[in-house]
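target35.pdb (PDB, C-alpha atoms)
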```pdb
ATOM      1  CA  MET P   1     -62.149 -96.935  92.417
ATOM      2  CA  PRO P   2     -62.055-100.681  91.641
ATOM      3  CA  GLN P   3     -64.897-102.448  89.912
ATOM      4  CA  GLY P   4     -67.556-103.853  92.189
ATOM      5  CA  THR P   5     -66.718-101.632  95.172
ATOM      6  CA  ALA P   6     -69.565-101.796  97.688
ATOM      7  CA  GLN P   7     -71.272 -98.602  98.744
ATOM      8  CA  ARG P   8     -70.207 -99.054 102.378
ATOM      9  CA  SER P   9     -66.721-100.411 101.736
ATOM     10  CA  GLY P  10     -63.549 -98.700 102.851
ATOM     11  CA  ASN P  11     -62.585 -97.983  99.236
ATOM     12  CA  HIS P  12     -65.909 -96.290  98.573
ATOM     13  CA  HIS P  13     -65.573 -94.019 101.603
ATOM     14  CA  THR P  14     -61.945 -93.194 100.776
ATOM     15  CA  ALA P  15     -62.829 -92.325  97.187
ATOM     16  CA  GLN P  16     -65.649 -90.031  98.265
ATOM     17  CA  ARG P  17     -63.542 -88.340 100.946
ATOM     18  CA  TRP P  18     -60.513 -87.782  98.706
ATOM     19  CA  ALA P  19     -62.729 -86.449  95.926
ATOM     20  CA  LYS P  20     -64.195 -83.918  98.356
ATOM     21  CA  PHE P  21     -60.749 -82.798  99.547
ATOM     22  CA  LEU P  22     -59.394 -82.500  96.000
ATOM     23  CA  ARG P  23     -62.386 -80.453  94.891
ATOM     24  CA  GLN P  24     -61.930 -78.170  97.898
ATOM     25  CA  SER P  25     -58.352 -77.629  96.716
ATOM     26  CA  GLY P  26     -59.496 -76.645  93.226
ATOM     27  CA  HIS P  27     -59.200 -79.923  91.307
ATOM     28  CA  ARG P  28     -61.886 -81.367  89.079
ATOM     29  CA  VAL P  29     -62.569 -84.969  90.049
ATOM     30  CA  ARG P  30     -64.561 -87.856  88.638
ATOM     31  CA  ILE P  31     -65.002 -91.245  90.321
ATOM     32  CA  GLU P  32     -65.174 -94.334  88.112
ATOM     33  CA  GLU P  33     -65.064 -98.047  88.839
ATOM     34  CA  LEU P  34     -62.880 -98.523  85.758
ATOM     35  CA  TRP P  35     -61.038 -95.701  84.021
ATOM     36  CA  SER P  36     -63.149 -94.894  80.964
ATOM     37  CA  GLY P  37     -60.325 -93.359  78.954
ATOM     38  CA  ALA P  38     -61.576 -89.820  79.609
ATOM     39  CA  ALA P  39     -58.960 -87.077  79.406
ATOM     40  CA  VAL P  40     -57.487 -86.488  82.860
ATOM     41  CA  ASP P  41     -54.245 -85.065  84.253
ATOM     42  CA  ALA P  42     -53.745 -87.861  86.794
ATOM     43  CA  LEU P  43     -55.183 -91.183  87.889
ATOM     44  CA  ILE P  44     -55.579 -92.236  91.532
ATOM     45  CA  ALA P  45     -56.283 -95.962  91.766
ATOM     46  CA  LEU P  46     -57.566 -97.451  95.018
ATOM     47  CA  HIS P  47     -56.511-101.109  95.407
ATOM     48  CA  ALA P  48     -53.617-102.296  93.259
ATOM     49  CA  ARG P  49     -54.992-105.677  92.213
ATOM     50  CA  LYS P  50     -58.584-104.637  91.562
ATOM     51  CA  SER P  51     -57.491-101.505  89.693
ATOM     52  CA  ALA P  52     -54.708-103.222  87.747
ATOM     53  CA  ALA P  53     -56.486-103.040  84.377
ATOM     54  CA  SER P  54     -57.101 -99.291  84.728
ATOM     55  CA  VAL P  55     -53.505 -98.721  85.831
ATOM     56  CA  GLU P  56     -52.129-100.648  82.837
ATOM     57  CA  ARG P  57     -54.359 -98.818  80.367
ATOM     58  CA  PHE P  58     -53.564 -95.390  81.814
ATOM     59  CA  HIS P  59     -49.839 -96.140  81.686
ATOM     60  CA  HIS P  60     -50.022 -96.951  77.966
ATOM     61  CA  GLU P  61     -52.454 -94.236  76.902
ATOM     62  CA  CYS P  62     -51.139 -91.403  79.089
ATOM     63  CA  PRO P  63     -47.384 -92.041  79.399
ATOM     64  CA  GLY P  64     -45.604 -89.744  81.803
ATOM     65  CA  GLN P  65     -48.756 -88.489  83.530
ATOM     66  CA  PRO P  66     -49.060 -88.933  87.299
ATOM     67  CA  LEU P  67     -50.313 -92.366  88.316
ATOM     68  CA  ILE P  68     -50.976 -92.871  92.030
ATOM     69  CA  VAL P  69     -51.850 -96.269  93.497
ATOM     70  CA  ALA P  70     -53.260 -96.449  97.032
ATOM     71  CA  LEU P  71     -52.677 -99.790  98.718
ATOM     72  CA  THR P  72     -55.235-101.618 100.833
ATOM     73  CA  GLY P  73     -54.548-104.240 103.479
ATOM     74  CA  THR P  74     -55.260-107.088 101.076
ATOM     75  CA  ASP P  75     -52.798-105.498  98.634
ATOM     76  CA  LEU P  76     -50.004-105.212 101.206
ATOM     77  CA  TYR P  77     -50.458-108.434 103.100
ATOM     78  CA  ARG P  78     -51.607-110.804 100.367
ATOM     79  CA  ASP P  79     -51.994-109.616  96.783
ATOM     80  CA  ILE P  80     -48.538-108.199  96.091
ATOM     81  CA  ASP P  81     -47.130-111.612  97.034
ATOM     82  CA  GLU P  82     -49.645-113.623  95.006
ATOM     83  CA  SER P  83     -50.784-111.424  92.108
ATOM     84  CA  PRO P  84     -48.523-110.459  89.183
ATOM     85  CA  GLU P  85     -51.106-107.838  88.204
ATOM     86  CA  ALA P  86     -50.869-106.174  91.631
ATOM     87  CA  ARG P  87     -47.055-106.143  91.469
ATOM     88  CA  ARG P  88     -47.184-104.669  87.975
ATOM     89  CA  ALA P  89     -49.471-101.857  89.207
ATOM     90  CA  LEU P  90     -46.918-100.992  91.909
ATOM     91  CA  GLU P  91     -44.106-100.880  89.365
ATOM     92  CA  LEU P  92     -46.057 -98.605  86.998
ATOM     93  CA  ALA P  93     -47.131 -96.155  89.694
ATOM     94  CA  THR P  94     -45.546 -92.707  89.938
ATOM     95  CA  ARG P  95     -46.323 -92.731  93.669
ATOM     96  CA  LEU P  96     -47.730 -95.294  96.079
ATOM     97  CA  VAL P  97     -49.915 -94.433  99.046
ATOM     98  CA  VAL P  98     -50.014 -96.459 102.253
ATOM     99  CA  LEU P  99     -52.483 -95.629 104.991
ATOM    100  CA  GLN P 100     -50.105 -96.026 107.932
ATOM    101  CA  PRO P 101     -46.288 -96.041 108.239
ATOM    102  CA  LYS P 102     -45.890 -99.786 108.840
ATOM    103  CA  GLY P 103     -47.223-100.330 105.324
ATOM    104  CA  ARG P 104     -43.919 -99.201 103.826
ATOM    105  CA  THR P 105     -42.065-102.103 105.430
ATOM    106  CA  HIS P 106     -44.068-104.604 103.368
ATOM    107  CA  LEU P 107     -42.890-103.106 100.085
ATOM    108  CA  GLU P 108     -39.723-104.157  98.317
ATOM    109  CA  ARG P 109     -36.951-101.651  98.949
ATOM    110  CA  PRO P 110     -36.957-100.145  95.414
ATOM    111  CA  LEU P 111     -40.660 -99.289  95.879
ATOM    112  CA  ARG P 112     -40.392 -97.682  99.315
ATOM    113  CA  ALA P 113     -38.864 -94.495  97.929
ATOM    114  CA  LYS P 114     -42.043 -93.658  96.030
ATOM    115  CA  ALA P 115     -44.413 -94.562  98.906
ATOM    116  CA  ARG P 116     -46.132 -91.809 100.887
ATOM    117  CA  VAL P 117     -48.206 -92.147 104.067
ATOM    118  CA  ILE P 118     -51.680 -90.612 104.171
ATOM    119  CA  PHE P 119     -53.598 -91.353 107.346
ATOM    120  CA  GLN P 120     -57.323 -91.550 106.787
ATOM    121  CA  SER P 121     -59.522 -89.192 108.760
ATOM    122  CA  ALA P 122     -62.881 -89.050 110.502
ATOM    123  CA  ASP P 123     -65.119 -86.011 110.623
ATOM    124  CA  THR P 124     -67.397 -87.110 113.453
ATOM    125  CA  ARG P 125     -68.185 -84.649 116.222
ATOM    126  CA  LEU P 126     -69.587 -87.297 118.534
ATOM    127  CA  THR P 127     -67.996 -87.625 121.964
ATOM    128  CA  HIS P 128     -67.548 -90.727 124.063
ATOM    129  CA  ARG P 129     -70.594 -91.287 126.293
ATOM    130  CA  PRO P 130     -70.636 -95.005 127.161
ATOM    131  CA  LEU P 131     -73.796 -96.672 128.401
ATOM    132  CA  ALA P 132     -74.253 -96.791 132.170
ATOM    133  CA  ASP P 133     -76.287-100.004 132.403
ATOM    134  CA  ARG P 134     -73.866-102.384 130.647
ATOM    135  CA  PHE P 135     -70.282-102.684 129.393
ATOM    136  CA  ARG P 136     -70.602-102.601 125.617
ATOM    137  CA  ILE P 137     -67.899-103.883 123.269
ATOM    138  CA  VAL P 138     -68.542-102.919 119.658
ATOM    139  CA  VAL P 139     -67.163-104.565 116.514
ATOM    140  CA  VAL P 140     -67.718-102.588 113.300
ATOM    141  CA  GLY P 141     -67.157-103.865 109.769
ATOM    142  CA  ASN P 142     -68.516-106.278 107.212
ATOM    143  CA  LEU P 143     -68.314-109.921 108.225
ATOM    144  CA  ARG P 144     -65.545-111.481 106.148
ATOM    145  CA  ASP P 145     -62.537-113.697 106.804
ATOM    146  CA  GLU P 146     -59.967-110.880 106.549
ATOM    147  CA  LYS P 147     -61.547-109.219 109.599
ATOM    148  CA  ASP P 148     -61.722-112.340 111.838
ATOM    149  CA  PRO P 149     -65.090-110.845 112.794
ATOM    150  CA  PHE P 150     -66.203-113.191 115.610
ATOM    151  CA  ARG P 151     -63.122-113.051 117.827
ATOM    152  CA  ALA P 152     -64.833-110.736 120.336
ATOM    153  CA  ALA P 153     -67.885-113.006 120.355
ATOM    154  CA  ALA P 154     -65.646-116.022 120.997
ATOM    155  CA  ALA P 155     -63.986-114.181 123.896
ATOM    156  CA  LEU P 156     -67.312-114.152 125.747
ATOM    157  CA  ALA P 157     -66.855-117.842 126.589
ATOM    158  CA  HIS P 158     -63.911-116.796 128.776
ATOM    159  CA  LEU P 159     -65.815-113.983 130.476
ATOM    160  CA  ARG P 160     -68.603-115.935 132.179
ATOM    161  CA  SER P 161     -68.365-113.875 135.373
ATOM    162  CA  HIS P 162     -69.229-110.653 133.547
ATOM    163  CA  ALA P 163     -72.987-110.787 133.006
ATOM    164  CA  GLN P 164     -73.173-107.068 132.190
ATOM    165  CA  ILE P 165     -71.050-107.360 129.025
ATOM    166  CA  GLU P 166     -72.620-106.848 125.603
ATOM    167  CA  VAL P 167     -70.765-107.549 122.350
ATOM    168  CA  LEU P 168     -72.492-105.580 119.606
ATOM    169  CA  GLN P 169     -71.560-106.614 116.054
ATOM    170  CA  VAL P 170     -72.285-104.023 113.343
ATOM    171  CA  GLY P 171     -71.743-105.075 109.742
ATOM    172  CA  GLY P 172     -73.276-106.954 106.863
ATOM    173  CA  ALA P 173     -72.575-110.655 106.330
ATOM    174  CA  LEU P 174     -70.772-111.106 103.009
ATOM    175  CA  SER P 175     -71.605-114.809 102.796
ATOM    176  CA  PRO P 176     -74.348-117.160 104.051
ATOM    177  CA  GLU P 177     -71.731-118.864 106.237
ATOM    178  CA  MET P 178     -70.954-115.601 108.021
ATOM    179  CA  GLU P 179     -74.641-114.955 108.607
ATOM    180  CA  ASP P 180     -75.090-118.462 110.033
ATOM    181  CA  LYS P 181     -72.162-117.965 112.413
ATOM    182  CA  ALA P 182     -73.570-114.675 113.691
ATOM    183  CA  ILE P 183     -76.967-116.272 114.286
ATOM    184  CA  ASP P 184     -75.350-119.215 116.093
ATOM    185  CA  PHE P 185     -73.422-116.899 118.410
ATOM    186  CA  MET P 186     -76.650-115.045 119.264
ATOM    187  CA  ARG P 187     -78.405-118.338 120.046
ATOM    188  CA  ASN P 188     -75.571-119.530 122.264
ATOM    189  CA  ASP P 189     -74.928-116.357 124.269
ATOM    190  CA  PRO P 190     -77.506-113.611 124.912
ATOM    191  CA  ARG P 191     -74.656-111.168 125.563
ATOM    192  CA  TYR P 192     -73.868-111.179 121.834
ATOM    193  CA  ARG P 193     -76.009-109.141 119.434
ATOM    194  CA  TRP P 194     -75.588-108.820 115.651
ATOM    195  CA  VAL P 195     -77.453-105.907 114.066
ATOM    196  CA  SER P 196     -76.163-106.384 110.496
ATOM    197  CA  SER P 197     -75.278-103.376 108.328
ATOM    198  CA  LYS P 198     -76.280 -99.917 109.541
ATOM    199  CA  PRO P 199     -75.958 -96.409 108.077
ATOM    200  CA  HIS P 200     -72.640 -94.800 108.916
ATOM    201  CA  GLY P 201     -74.124 -92.279 111.327
ATOM    202  CA  GLU P 202     -75.891 -94.999 113.303
ATOM    203  CA  ALA P 203     -72.711 -97.083 113.502
ATOM    204  CA  LEU P 204     -70.859 -94.041 114.871
ATOM    205  CA  ARG P 205     -73.533 -93.556 117.532
ATOM    206  CA  PHE P 206     -73.146 -97.192 118.568
ATOM    207  CA  MET P 207     -69.410 -96.546 118.916
ATOM    208  CA  ALA P 208     -69.877 -93.396 120.989
ATOM    209  CA  GLU P 209     -72.105 -95.356 123.406
ATOM    210  CA  SER P 210     -69.632 -98.251 123.750
ATOM    211  CA  HIS P 211     -66.817 -98.824 126.228
ATOM    212  CA  LEU P 212     -64.433-100.610 123.846
ATOM    213  CA  LEU P 213     -63.954-101.125 120.114
ATOM    214  CA  VAL P 214     -62.422-104.442 119.037
ATOM    215  CA  VAL P 215     -60.505-104.438 115.736
ATOM    216  CA  SER P 216     -59.683-108.097 115.133
ATOM    217  CA  SER P 217     -58.378-107.876 111.559
ATOM    218  CA  VAL P 218     -56.097-110.485 110.036
ATOM    219  CA  MET P 219     -54.894-108.005 107.401
ATOM    220  CA  GLU P 220     -55.522-104.282 107.613
ATOM    221  CA  GLY P 221     -54.233-101.425 105.491
ATOM    222  CA  GLY P 222     -55.245 -98.785 108.024
ATOM    223  CA  ALA P 223     -58.662 -99.198 109.612
ATOM    224  CA  ASN P 224     -60.807 -96.098 109.286
ATOM    225  CA  VAL P 225     -62.805 -97.335 112.278
ATOM    226  CA  ILE P 226     -59.677 -96.705 114.393
ATOM    227  CA  CYS P 227     -59.635 -93.115 113.109
ATOM    228  CA  GLU P 228     -63.261 -92.780 114.150
ATOM    229  CA  ALA P 229     -62.630 -94.288 117.571
ATOM    230  CA  SER P 230     -59.717 -91.929 118.149
ATOM    231  CA  ARG P 231     -61.767 -88.885 117.187
ATOM    232  CA  ILE P 232     -64.615 -90.022 119.462
ATOM    233  CA  GLY P 233     -62.303 -90.988 122.344
ATOM    234  CA  LEU P 234     -63.280 -94.679 122.333
ATOM    235  CA  PRO P 235     -60.579 -97.085 123.629
ATOM    236  CA  VAL P 236     -59.545 -99.851 121.214
ATOM    237  CA  LEU P 237     -58.442-103.443 121.620
ATOM    238  CA  ALA P 238     -56.760-104.699 118.457
ATOM    239  CA  SER P 239     -55.045-107.727 116.977
ATOM    240  CA  ARG P 240     -51.280-107.332 116.885
ATOM    241  CA  VAL P 241     -50.924-107.012 113.113
ATOM    242  CA  SER P 242     -48.892-104.504 111.145
ATOM    243  CA  GLY P 243     -51.804-102.334 110.047
ATOM    244  CA  ASN P 244     -53.078-101.862 113.596
ATOM    245  CA  LEU P 245     -49.569-101.208 114.935
ATOM    246  CA  GLY P 246     -49.153 -98.469 112.353
ATOM    247  CA  MET P 247     -52.412 -96.817 113.375
ATOM    248  CA  LEU P 248     -52.177 -97.050 117.162
ATOM    249  CA  GLY P 249     -48.407 -97.080 117.701
ATOM    250  CA  SER P 250     -46.064 -99.926 118.614
ATOM    251  CA  ASP P 251     -46.232 -99.172 122.351
ATOM    252  CA  TYR P 252     -50.037 -99.184 122.609
ATOM    253  CA  ALA P 253     -51.206-101.363 125.520
ATOM    254  CA  GLY P 254     -54.353-102.802 123.931
ATOM    255  CA  TYR P 255     -53.002-105.484 121.590
ATOM    256  CA  TYR P 256     -53.675-109.220 121.704
ATOM    257  CA  PRO P 257     -52.172-112.024 119.566
ATOM    258  CA  LEU P 258     -54.069-112.665 116.351
ATOM    259  CA  PHE P 259     -56.826-115.332 116.623
ATOM    260  CA  ASN P 260     -56.363-115.593 120.408
ATOM    261  CA  GLU P 261     -59.722-115.024 122.109
ATOM    262  CA  ARG P 262     -58.345-116.011 125.517
ATOM    263  CA  ARG P 263     -55.840-113.163 125.442
ATOM    264  CA  LEU P 264     -58.504-110.808 124.120
ATOM    265  CA  ALA P 265     -60.755-111.854 127.015
ATOM    266  CA  ARG P 266     -57.967-111.043 129.482
ATOM    267  CA  LEU P 267     -57.686-107.536 128.028
ATOM    268  CA  ILE P 268     -61.447-107.068 128.223
ATOM    269  CA  ASP P 269     -61.473-108.270 131.826
ATOM    270  CA  ARG P 270     -58.646-105.874 132.667
ATOM    271  CA  ALA P 271     -60.414-102.967 130.967
ATOM    272  CA  ILE P 272     -63.496-103.676 133.085
ATOM    273  CA  SER P 273     -61.731-104.192 136.402
ATOM    274  CA  ASP P 274     -58.669-101.888 136.174
ATOM    275  CA  LYS P 275     -59.687 -98.243 135.887
ATOM    276  CA  ARG P 276     -56.092 -97.073 135.403
ATOM    277  CA  PHE P 277     -55.583 -99.462 132.500
ATOM    278  CA  TYR P 278     -58.823 -98.337 130.872
ATOM    279  CA  ALA P 279     -57.962 -94.665 131.357
ATOM    280  CA  GLY P 280     -54.537 -95.286 129.802
ATOM    281  CA  LEU P 281     -56.110 -96.790 126.685
ATOM    282  CA  LYS P 282     -58.382 -93.784 126.395
ATOM    283  CA  ARG P 283     -55.489 -91.323 126.762
ATOM    284  CA  SER P 284     -53.513 -93.163 124.109
ATOM    285  CA  VAL P 285     -56.262 -93.078 121.479
ATOM    286  CA  MET P 286     -57.023 -89.438 122.283
ATOM    287  CA  ALA P 287     -53.338 -88.554 121.850
ATOM    288  CA  ARG P 288     -53.533 -89.648 118.188
ATOM    289  CA  ARG P 289     -56.629 -87.600 117.330
ATOM    290  CA  SER P 290     -54.692 -84.987 115.367
ATOM    291  CA  LEU P 291     -53.273 -87.661 113.033
ATOM    292  CA  PHE P 292     -56.793 -88.529 111.939
ATOM    293  CA  ALA P 293     -58.180 -85.012 111.520
ATOM    294  CA  PRO P 294     -59.716 -84.179 108.114
ATOM    295  CA  SER P 295     -57.373 -81.180 107.817
ATOM    296  CA  ALA P 296     -54.357 -83.485 108.204
ATOM    297  CA  GLU P 297     -55.564 -85.918 105.549
ATOM    298  CA  ARG P 298     -56.348 -83.082 103.137
ATOM    299  CA  ALA P 299     -52.913 -81.516 103.703
ATOM    300  CA  SER P 300     -51.187 -84.849 102.992
ATOM    301  CA  LEU P 301     -53.221 -85.331  99.819
ATOM    302  CA  ASP P 302     -52.490 -81.762  98.678
ATOM    303  CA  ALA P 303     -48.775 -82.318  99.274
ATOM    304  CA  LEU P 304     -48.862 -85.492  97.181
ATOM    305  CA  MET P 305     -50.648 -83.799  94.284
ATOM    306  CA  LYS P 306     -48.170 -80.927  94.362
ATOM    307  CA  GLU P 307     -45.286 -83.387  94.380
ATOM    308  CA  VAL P 308     -46.477 -85.205  91.270
ATOM    309  CA  GLY P 309     -47.182 -81.893  89.520
ATOM    310  CA  THR P 310     -50.906 -81.998  88.826
ATOM    311  CA  ARG P 311     -52.726 -78.933  87.522
ATOM    312  CA  ARG P 312     -55.821 -77.459  89.193
TER     313      ARG P 312
END
```
Representation of the structure as structure tokens:
Amino acid sequence: MPQGTAQRSGNHHTAQRWAKFLRQSGHRVRIEELWSGAAVDALIALHARKSAASVERFHHECPGQPLIVALTGTDLYRDIDESPEARRALELATRLVVLQPKGRTHLERPLRAKARVIFQSADTRLTHRPLADRFRIVVVGNLRDEKDPFRAAAALAHLRSHAQIEVLQVGGALSPEMEDKAIDFMRNDPRYRWVSSKPHGEALRFMAESHLLVVSSVMEGGANVICEASRIGLPVLASRVSGNLGMLGSDYAGYYPLFNERRLARLIDRAISDKRFYAGLKRSVMARRSLFAPSAERASLDALMKEVGTRR
């Protein structure tokens, strides 16, 4: 796991989940922010750029041993174009992991052959029970530029006729500027509410009580919140970016153009007023539930470890 990984970040949750699956399959696992040099049979590095130093060291000190690099959205859609260290990590890897199939298309052709898809999973048993007294739209994730976090809040300006809407923003502000923006939106529109960071279980309950999840990411490796929404049965509206297309499918009806709050507002209005459209979104996310089951993620991880020849 890369240095400085926050306790509620996607990398942290992935590391903990994969460690659990690997232990269930008989492997001994240790999680470190930087590889300490301890004797291991394989290294799994989450985030190519942030783990580049560990990847380089492992390559030199343990030549020929399996080296797996899992790629995040910032890896795929920014860092491998800008960072020589990230590109070097991809070249050194025995196998690459992408979190949805569209991720492969952003790799150079020589690298695609060693890329494997592992969909993330969600273990929630909550079911979709939206609130009856309002139409809640939930946005879940830390407030940072890569997530375009206030697009749903901005869409409210184009939904003046819908007084019963609530946009609920769940996630910590990663800069004072993000906190100021959230506070400004709350001052300007009482339909917007920011509750900052919440424990995972509480965030899932917010989702289960909502009518829509908005995933407005600029770059996304494979949003685990989409896995959670699918398992719950919560319809999603998402920016039309590669990572979301790979998670929800190219023919999903709930996409809007990136940064376009007017088009997002139209989708929200349609979801409120057109019951058939809303039901279709729900059917589509439910149809992908099996992709995001813990058993499916564990099976994919087991297959990868068998392929690279690790011992248990």
| message | List the spatial neighbours of Leu92 in chain P as a list in words - criterion: any atom at most 12 Å away, all atoms listed in the file, same-chain residues fewer than 4 positions off excluded. | response | Leu43, Ala45, Ala48, Ala52, Ala53, Ser54, Val55, Glu56, Arg57, Phe58, His59, His60, Cys62, Pro63, Gly64, Gln65, Pro66, Leu67, Ile68, Val69, Glu85, Ala86, Arg87, Arg88, Leu96, Leu111 and Lys114 of chain P
| task | I would like the residues chosen by the PyMOL selection byres ((chain P and resi 195) around 9) on the shown file; could you give them as a ChimeraX atom specification? | result | /P:168-172,193-194,196-198
I'd like the neighbourhood of Arg30 in chain P as a compact mmCIF listing (two decimals) with C-alpha atoms, keeping the file's coordinate frame, where a residue qualifies if any of its atoms comes within 10 Å (using all atoms listed in the file), though same-chain residues fewer than 3 positions away should be ignored.
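Listed below is the output, selection_8.txt:
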```
# COMPACT_ATOMS: atom_id res chain seq x y z
CA ALA P 15 -62.83 -92.32 97.19
CA GLN P 16 -65.65 -90.03 98.26
CA ALA P 19 -62.73 -86.45 95.93
CA ARG P 23 -62.39 -80.45 94.89
CA HIS P 27 -59.20 -79.92 91.31
CA TRP P 35 -61.04 -95.70 84.02
CA ALA P 38 -61.58 -89.82 79.61
CA VAL P 40 -57.49 -86.49 82.86
CA LEU P 43 -55.18 -91.18 87.89
```
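Nearest-residue note for Ala163 in chain P: choosing from P:Arg134, P:Arg187, P:Arg270, P:Arg151, the minimum distance belongs to P:Arg134, counting all atoms listed in the file.
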| request: Go through P:Thr127, P:Ser217, P:Ser250, P:Ser161 and flag the residue nearest Ala229 in chain P, using all atoms listed in the file for the distances. | output: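 Residue with the minimum atom-to-atom distance to Ala229 in chain P: P:Thr127.
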| Counting all atoms listed in the file, the residue of P:Ile272, P:Ala253, P:Leu46, P:Leu245 that sits nearest Gln164 in chain P |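 When distances to Gln164 in chain P are compared using all atoms listed in the file, the smallest one comes from P:Ile272.
Atom to atom, CA of Gln120 in chain P and CA of Arg17 in chain P stand 9.1 Å apart.
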| query | Between P:Arg95, P:Arg231, P:Ser242, P:Gly141, which one has atoms that come closest to His200 in chain P, using only C-alpha atoms? | reply |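 Closest candidate: P:Gly141.
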| request: Find, counting only C-alpha atoms, the residue in P:Phe135, P:Leu99, P:Lys275, P:Thr94 that gets nearest to His162 in chain P. | output: P:Phe135
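Minimum atom-to-atom distance to Gly73 in chain P, evaluated using only C-alpha atoms, belongs to P:Val97 out of P:Val97, P:Leu22, P:Ala42, P:Leu301.
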| message | Env of Ala152 in chain P: 8 Å cut, atoms = all atoms listed in the file, seq-sep filter 6 positions within chain, self excluded. Answer as a ChimeraX atom specification. | response | /P:139,167,214,216,261,264-265
Generate the missing atoms of range 201-215 of chain P up to N, CA and C atoms and report them as an mmCIF file, in the coordinates of the input.
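Result saved to part_17.cif:
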```cif
data_model
loop_
_atom_site.group_PDB
_atom_site.id
_atom_site.type_symbol
_atom_site.label_atom_id
_atom_site.label_comp_id
_atom_site.auth_asym_id
_atom_site.auth_seq_id
_atom_site.Cartn_x
_atom_site.Cartn_y
_atom_site.Cartn_z
ATOM 1 N N GLY P 201 -73.843 -93.084 110.152
ATOM 2 C CA GLY P 201 -74.124 -92.279 111.327
ATOM 3 C C GLY P 201 -74.601 -93.105 112.500
ATOM 4 N N GLU P 202 -75.406 -94.137 112.225
ATOM 5 C CA GLU P 202 -75.891 -94.999 113.303
ATOM 6 C C GLU P 202 -74.759 -95.841 113.880
ATOM 7 N N ALA P 203 -73.863 -96.328 113.014
ATOM 8 C CA ALA P 203 -72.711 -97.083 113.502
ATOM 9 C C ALA P 203 -71.835 -96.215 114.401
ATOM 10 N N LEU P 204 -71.648 -94.950 114.030
ATOM 11 C CA LEU P 204 -70.859 -94.041 114.871
ATOM 12 C C LEU P 204 -71.527 -93.822 116.221
ATOM 13 N N ARG P 205 -72.836 -93.727 116.249
ATOM 14 C CA ARG P 205 -73.533 -93.556 117.532
ATOM 15 C C ARG P 205 -73.365 -94.791 118.410
ATOM 16 N N PHE P 206 -73.430 -95.968 117.805
ATOM 17 C CA PHE P 206 -73.146 -97.192 118.568
ATOM 18 C C PHE P 206 -71.752 -97.121 119.188
ATOM 19 N N MET P 207 -70.780 -96.651 118.409
ATOM 20 C CA MET P 207 -69.410 -96.546 118.916
ATOM 21 C C MET P 207 -69.315 -95.562 120.084
ATOM 22 N N ALA P 208 -69.950 -94.412 119.942
ATOM 23 C CA ALA P 208 -69.877 -93.396 120.989
ATOM 24 C C ALA P 208 -70.498 -93.880 122.288
ATOM 25 N N GLU P 209 -71.439 -94.826 122.214
ATOM 26 C CA GLU P 209 -72.105 -95.356 123.406
ATOM 27 C C GLU P 209 -71.405 -96.583 123.980
ATOM 28 N N SER P 210 -70.324 -97.033 123.337
ATOM 29 C CA SER P 210 -69.632 -98.251 123.750
ATOM 30 C C SER P 210 -68.455 -97.936 124.660
ATOM 31 N N HIS P 211 -67.977 -98.972 125.348
ATOM 32 C CA HIS P 211 -66.817 -98.824 126.228
ATOM 33 C C HIS P 211 -65.517 -99.209 125.514
ATOM 34 N N LEU P 212 -65.610 -100.151 124.582
ATOM 35 C CA LEU P 212 -64.433 -100.610 123.846
ATOM 36 C C LEU P 212 -64.820 -100.885 122.393
ATOM 37 N N LEU P 213 -63.873 -100.660 121.501
ATOM 38 C CA LEU P 213 -63.954 -101.125 120.114
ATOM 39 C C LEU P 213 -62.941 -102.244 119.944
ATOM 40 N N VAL P 214 -63.357 -103.368 119.371
ATOM 41 C CA VAL P 214 -62.422 -104.442 119.037
ATOM 42 C C VAL P 214 -62.191 -104.442 117.534
ATOM 43 N N VAL P 215 -60.918 -104.355 117.141
ATOM 44 C CA VAL P 215 -60.505 -104.438 115.736
ATOM 45 C C VAL P 215 -59.669 -105.708 115.615
#
```
